[in-house]
>>> print(open('data.csv').read())   # CSV, C-alpha atoms
chain,number,residue,atom,x,y,z
A,1352,MET,CA,0.0,0.0,0.0
A,1353,HIS,CA,1.4,3.3,-1.1
A,1354,ASP,CA,1.5,6.4,1.2
A,1355,THR,CA,-0.6,9.1,-0.6
A,1356,SER,CA,0.0,11.8,2.0
A,1357,PRO,CA,1.7,15.0,0.7
A,1358,THR,CA,5.4,15.3,1.2
A,1359,ALA,CA,7.1,18.1,2.9
A,1360,ALA,CA,8.1,19.6,-0.4
A,1361,THR,CA,4.4,19.8,-1.6
A,1362,ALA,CA,2.8,20.5,1.7
A,1363,THR,CA,0.7,23.7,2.1
A,1364,PRO,CA,2.8,26.5,3.7
A,1365,ALA,CA,2.1,27.0,7.4
A,1366,PRO,CA,-0.7,29.5,8.1
A,1367,THR,CA,1.6,31.5,10.4
A,1368,ALA,CA,4.1,32.0,7.6
A,1369,ASN,CA,1.4,33.3,5.4
A,1370,ARG,CA,0.5,35.9,7.9
A,1371,TRP,CA,4.0,37.4,8.4
A,1372,PRO,CA,3.3,40.3,5.9
A,1373,LEU,CA,0.5,41.5,8.2
A,1374,ALA,CA,3.2,42.9,10.4
A,1375,GLY,CA,3.0,45.9,8.0
A,1376,VAL,CA,-0.6,46.5,9.2
A,1377,ALA,CA,0.6,46.3,12.8
A,1378,PHE,CA,3.4,48.8,12.1
A,1379,ALA,CA,1.0,51.3,10.5
A,1380,GLY,CA,-1.6,50.8,13.3
A,1381,MET,CA,1.0,51.3,16.1
A,1382,PHE,CA,2.4,54.3,14.5
A,1383,ILE,CA,-0.9,56.0,14.0
A,1384,GLY,CA,-2.1,54.8,17.4
A,1385,GLY,CA,0.9,56.6,19.0
A,1386,LEU,CA,-0.2,59.9,17.3
A,1387,ILE,CA,-3.8,59.4,18.4
A,1388,LEU,CA,-2.8,58.5,21.9
A,1389,SER,CA,-0.5,61.6,22.2
A,1390,MET,CA,-3.4,63.8,21.1
A,1391,VAL,CA,-5.9,62.2,23.5
A,1392,LEU,CA,-3.5,62.4,26.5
A,1393,GLY,CA,-2.0,65.8,25.5
A,1394,SER,CA,-3.3,69.3,25.5
A,1395,ARG,CA,-2.4,69.7,21.8
A,1396,THR,CA,-0.5,68.1,19.0
A,1397,PHE,CA,3.2,67.4,19.3
A,1398,PRO,CA,5.0,70.8,18.7
A,1399,SER,CA,7.2,71.6,15.8
A,1400,PRO,CA,10.8,72.7,16.7
A,1401,TYR,CA,10.1,75.9,14.7
A,1402,GLU,CA,7.5,77.1,17.2
A,1403,MET,CA,8.2,79.6,20.0
A,1404,GLU,CA,10.5,78.3,22.7
A,1405,ALA,CA,8.0,79.1,25.4
A,1406,ALA,CA,5.3,77.0,23.7
A,1407,ILE,CA,7.7,74.1,23.3
A,1408,THR,CA,8.9,74.2,26.9
A,1409,SER,CA,5.3,74.5,28.2
A,1410,TYR,CA,4.2,71.5,26.2
A,1411,PHE,CA,6.9,69.1,27.4
A,1412,ALA,CA,6.4,70.3,31.0
A,1413,GLY,CA,2.7,69.6,31.0
A,1414,ASN,CA,2.3,66.6,28.7
A,1415,ALA,CA,4.7,63.9,29.9
A,1416,SER,CA,2.2,61.1,29.7
A,1417,ALA,CA,1.4,62.0,26.1
A,1418,VAL,CA,5.1,62.1,25.1
A,1419,LEU,CA,5.8,58.8,26.9
A,1420,GLY,CA,2.8,57.1,25.2
A,1421,LEU,CA,3.9,58.3,21.8
A,1422,GLY,CA,7.5,57.1,22.5
A,1423,LEU,CA,6.3,53.7,23.7
A,1424,LEU,CA,4.1,52.9,20.8
A,1425,HIS,CA,6.6,54.1,18.2
A,1426,THR,CA,9.3,52.0,19.9
A,1427,MET,CA,7.0,49.0,19.6
A,1428,ALA,CA,6.2,49.9,16.0
A,1429,ALA,CA,9.8,49.4,14.9
A,1430,LEU,CA,9.6,45.6,15.5
A,1431,PRO,CA,6.7,44.8,13.1
A,1432,LEU,CA,8.3,47.1,10.6
A,1433,ILE,CA,11.4,44.9,10.6
A,1434,VAL,CA,9.2,41.8,10.2
A,1435,PHE,CA,7.3,43.4,7.3
A,1436,ILE,CA,10.6,44.3,5.6
A,1437,THR,CA,11.7,40.6,5.8
A,1438,ALA,CA,8.4,39.4,4.4
A,1439,LEU,CA,8.5,42.0,1.6
A,1440,ALA,CA,12.1,41.2,0.7
A,1441,SER,CA,11.2,37.5,0.3
A,1442,ALA,CA,8.7,38.5,-2.4
A,1443,VAL,CA,11.2,40.6,-4.4
A,1444,ARG,CA,13.2,38.5,-6.8
A,1445,ASP,CA,15.8,41.0,-8.0
A,1446,ALA,CA,18.7,40.9,-5.6
A,1447,ALA,CA,19.7,44.5,-5.9
A,1448,THR,CA,16.2,45.8,-5.3
A,1449,ARG,CA,15.8,43.5,-2.4
A,1450,VAL,CA,18.9,44.8,-0.7
A,1451,VAL,CA,17.9,48.4,-1.2
A,1452,ALA,CA,14.5,47.7,0.3
A,1453,GLN,CA,16.0,45.8,3.3
A,1454,CYS,CA,18.6,48.4,4.0
A,1455,ALA,CA,16.2,51.4,3.7
A,1456,GLY,CA,13.6,49.7,5.9
A,1457,VAL,CA,16.1,48.9,8.6
A,1458,ILE,CA,17.4,52.5,8.6
A,1459,ALA,CA,13.9,53.8,8.8
A,1460,ALA,CA,13.2,51.5,11.8
A,1461,VAL,CA,16.4,52.6,13.5
A,1462,PHE,CA,15.6,56.3,13.1
A,1463,LEU,CA,12.1,55.7,14.4
A,1464,LEU,CA,13.7,54.2,17.5
A,1465,ILE,CA,16.0,57.1,17.9
A,1466,SER,CA,13.1,59.5,17.6
A,1467,ALA,CA,11.1,57.6,20.2
A,1468,MET,CA,14.0,57.3,22.6
A,1469,CYS,CA,14.8,61.1,22.4
A,1470,GLY,CA,11.1,61.9,22.9
A,1471,ILE,CA,11.1,59.7,26.1
A,1472,ALA,CA,14.3,61.4,27.3
A,1473,LEU,CA,12.6,64.8,26.9
A,1474,VAL,CA,10.2,64.0,29.7
A,1475,SER,CA,12.0,61.4,31.8
A,1476,GLY,CA,13.6,62.2,35.2
A,1477,GLY,CA,11.8,65.5,35.5
A,1478,GLY,CA,12.5,66.5,31.9
A,1479,VAL,CA,15.2,68.7,30.4
A,1480,THR,CA,15.2,72.4,29.8
A,1481,GLY,CA,17.1,75.1,27.8
A,1482,GLU,CA,19.4,74.2,25.0
A,1483,ALA,CA,19.3,70.5,25.9
A,1484,LEU,CA,15.5,70.5,25.4
A,1485,ARG,CA,15.8,72.3,22.0
A,1486,ALA,CA,18.5,69.9,20.8
A,1487,LEU,CA,16.6,66.7,21.8
A,1488,HIS,CA,13.4,68.1,20.4
A,1489,LEU,CA,15.0,68.9,17.1
A,1490,LEU,CA,16.7,65.4,17.0
A,1491,THR,CA,13.3,63.8,17.8
A,1492,PHE,CA,11.7,65.8,15.0
A,1493,LEU,CA,14.3,65.2,12.3
A,1494,SER,CA,14.9,61.5,13.1
A,1495,GLY,CA,11.2,60.6,13.3
A,1496,GLY,CA,10.2,63.1,10.6
A,1497,SER,CA,12.5,64.0,7.7
A,1498,ILE,CA,14.9,61.1,7.9
A,1499,HIS,CA,12.4,58.4,8.8
A,1500,VAL,CA,10.1,59.4,6.0
A,1501,LEU,CA,12.9,59.6,3.5
A,1502,PHE,CA,14.0,56.0,4.1
A,1503,LEU,CA,10.4,54.8,4.2
A,1504,GLY,CA,10.0,56.3,0.8
A,1505,ILE,CA,13.1,54.5,-0.5
A,1506,LEU,CA,11.7,51.3,1.0
A,1507,VAL,CA,8.4,51.8,-0.7
A,1508,GLY,CA,10.0,52.8,-4.0
A,1509,ALA,CA,12.2,49.7,-4.0
A,1510,GLY,CA,9.3,47.5,-3.0
A,1511,THR,CA,7.1,49.0,-5.8
A,1512,ILE,CA,9.8,48.4,-8.4
A,1513,GLY,CA,10.5,44.9,-7.1
A,1514,LEU,CA,6.8,43.9,-7.2
A,1515,ALA,CA,5.9,45.8,-10.4
A,1516,ARG,CA,5.3,42.7,-12.5
A,1517,VAL,CA,2.9,41.1,-10.0
A,1518,ALA,CA,1.3,43.8,-7.9
A,1519,PRO,CA,-2.1,45.3,-8.8
A,1520,ARG,CA,-1.9,48.6,-10.7
A,1521,PRO,CA,-3.5,50.7,-8.0
A,1522,LEU,CA,-0.9,49.5,-5.5
A,1523,ALA,CA,1.9,50.2,-7.9
A,1524,LEU,CA,0.5,53.7,-8.5
A,1525,LEU,CA,0.2,54.4,-4.8
A,1526,GLY,CA,3.8,53.2,-4.3
A,1527,ALA,CA,5.1,55.5,-7.0
A,1528,ILE,CA,3.3,58.5,-5.6
A,1529,SER,CA,4.3,57.7,-2.0
A,1530,ALA,CA,7.9,57.3,-2.9
A,1531,ALA,CA,8.0,60.6,-4.9
A,1532,LEU,CA,6.3,62.5,-2.0
A,1533,SER,CA,8.6,61.0,0.6
A,1534,LEU,CA,11.8,61.7,-1.4
A,1535,ALA,CA,10.7,65.3,-2.1
A,1536,SER,CA,10.0,65.8,1.6
A,1537,VAL,CA,13.7,65.9,2.3
A,1538,ALA,CA,13.5,69.5,1.0
A,1539,SER,CA,12.0,70.4,4.4
A,1540,LEU,CA,15.4,70.1,5.9
A,1541,VAL,CA,16.5,73.3,4.1
A,1542,ALA,CA,13.2,74.9,3.1
A,1543,LEU,CA,10.5,75.3,5.8
A,1544,PRO,CA,7.6,75.8,3.3
A,1545,ALA,CA,8.2,72.2,2.1
A,1546,ILE,CA,7.3,70.8,5.5
A,1547,PHE,CA,3.8,70.0,4.3
A,1548,LEU,CA,5.4,67.2,2.2
A,1549,LEU,CA,6.3,65.3,5.4
A,1550,PRO,CA,2.7,64.2,6.4
A,1551,LEU,CA,1.9,63.5,2.7
A,1552,GLY,CA,4.9,61.3,2.4
A,1553,ARG,CA,4.4,59.6,5.8
A,1554,PHE,CA,0.8,58.7,5.5
A,1555,THR,CA,1.0,57.5,1.9
A,1556,THR,CA,3.9,55.2,2.8
A,1557,LEU,CA,1.8,53.9,5.7
A,1558,ALA,CA,-1.1,53.3,3.4
A,1559,TRP,CA,1.2,51.5,0.9
A,1560,ILE,CA,2.7,49.3,3.6
A,1561,ALA,CA,-0.7,48.3,5.0
A,1562,ALA,CA,-2.2,47.6,1.6
A,1563,THR,CA,0.9,45.7,0.5
A,1564,ALA,CA,0.8,43.7,3.7
A,1565,VAL,CA,-2.8,42.6,3.1
A,1566,TRP,CA,-2.1,41.9,-0.6
A,1567,LEU,CA,1.0,39.8,0.1
A,1568,THR,CA,-0.9,37.8,2.8
A,1569,ARG,CA,-3.7,37.0,0.4
A,1570,ARG,CA,-1.3,36.1,-2.4
A,1571,ARG,CA,0.6,33.7,-0.2
A,1572,ALA,CA,-2.6,32.1,1.0
A,1573,ALA,CA,-3.9,31.6,-2.6
>>> encode(input="data.csv", output="structure tokens")
Amino acid sequence: MHDTSPTAATATPAPTANRWPLAGVAFAGMFIGGLILSMVLGSRTFPSPYEMEAAITSYFAGNASAVLGLGLLHTMAALPLIVFITALASAVRDAATRVVAQCAGVIAAVFLLISAMCGIALVSGGGVTGEALRALHLLTFLSGGSIHVLFLGILVGAGTIGLARVAPRPLALLGAISAALSLASVASLVALPAIFLLPLGRFTTLAWIAATAVWLTRRRAA
């Protein structure tokens, strides 16, 4: 009597493995959740380093719980981002594109962690004041804003190119727009009027990552 059970080579992939891309949804959810939590717990939105010094000092003095909540969720968000990068890379066949996506994603995660840690440092142990506060605040803003968005844009651009032959056209279009906005947002480092590009780049990259995570999960399960 012959054994007709499927071999390991032809067995259906484990359901858990099929769900790894959904880490992208977790990343987007945690990141946005941190922003929402900081608005709920705080007296206002997180201040820009270009505001008046008195307003910045007052915010950090009176909104420690909001800043800590934001820092905690953004620290946690870095882990599912790394998991998503790994899942995305496994779906990209071109080696060079895969390396670019992986490196850009890891750098984006590292700068998100730096931003979160600097934010927590701003309100820990009684907080900081004066020039130290301004320096940490600026580092928080740049690492979690301009630099993080720039490398997320590179990740999305590489992912869009790597999946161009198989991804749905709307997803590819969203990726191209998102990457362009994110790369253009680097202009905010030298031109303040360009700062509006940061949220456009950030939220379109989050939308692409979440949509791609769902698409990859369905594709693997098919």
>>> residues_around(input="data.csv", residues="Leu1386 (chain A)", least_positions_apart="6", cutoff="12 Å", atoms="all atoms listed in the file", output="ChimeraX atom specification")
/A:1379-1380,1392-1393,1395-1397,1417-1425,1428,1467,1554
>>> atom_distance(input="data.csv", atom1="CA of Val1434 (chain A)", atom2="CA of Leu1522 (chain A)")
20.2 Å
>>> closest_residue(input="data.csv", among="A:Pro1550, A:Gly1508, A:Gly1513, A:Gly1470", to="Gly1456 (chain A)", atoms="all atoms listed in the file")
A:Gly1508
>>> closest_residue(input="data.csv", among="A:Leu1524, A:Ala1518, A:Val1461, A:Ala1446", to="Thr1563 (chain A)", atoms="all atoms listed in the file")
A:Ala1518
>>> atom_distance(input="data.csv", atom1="CA of Leu1503 (chain A)", atom2="CA of Leu1432 (chain A)")
10.2 Å
>>> closest_residue(input="data.csv", among="A:Ala1531, A:Ala1572, A:Ala1459, A:Ile1560", to="Val1376 (chain A)", atoms="all atoms listed in the file")
A:Ile1560
>>> atom_distance(input="data.csv", atom1="CA of Leu1551 (chain A)", atom2="CA of Gly1413 (chain A)")
29.0 Å
>>> residues_around(input="data.csv", residues="Val1517 (chain A)", least_positions_apart="6", cutoff="12 Å", atoms="all atoms listed in the file", output="ChimeraX atom specification")
/A:1442-1444,1510-1511,1523,1563,1566-1567,1570
>>> closest_residue(input="data.csv", among="A:Ala1406, A:Leu1514, A:Cys1454, A:Ala1429", to="Phe1378 (chain A)", atoms="all atoms listed in the file")
A:Ala1429
>>> closest_residue(input="data.csv", among="A:Ala1374, A:Val1474, A:Cys1469, A:Ile1458", to="Gly1504 (chain A)", atoms="all atoms listed in the file")
A:Ile1458
>>> closest_residue(input="data.csv", among="A:Ser1539, A:Ser1416, A:Thr1556, A:Ser1497", to="Gly1526 (chain A)", atoms="only C-alpha atoms")
A:Thr1556
>>> residues_around(input="data.csv", residues="Leu1373 (chain A)", least_positions_apart="2", cutoff="8 Å", atoms="all atoms listed in the file", output="PyMOL selection string")
chain A and resi 1370-1371+1375-1377+1435+1561+1564-1565+1568
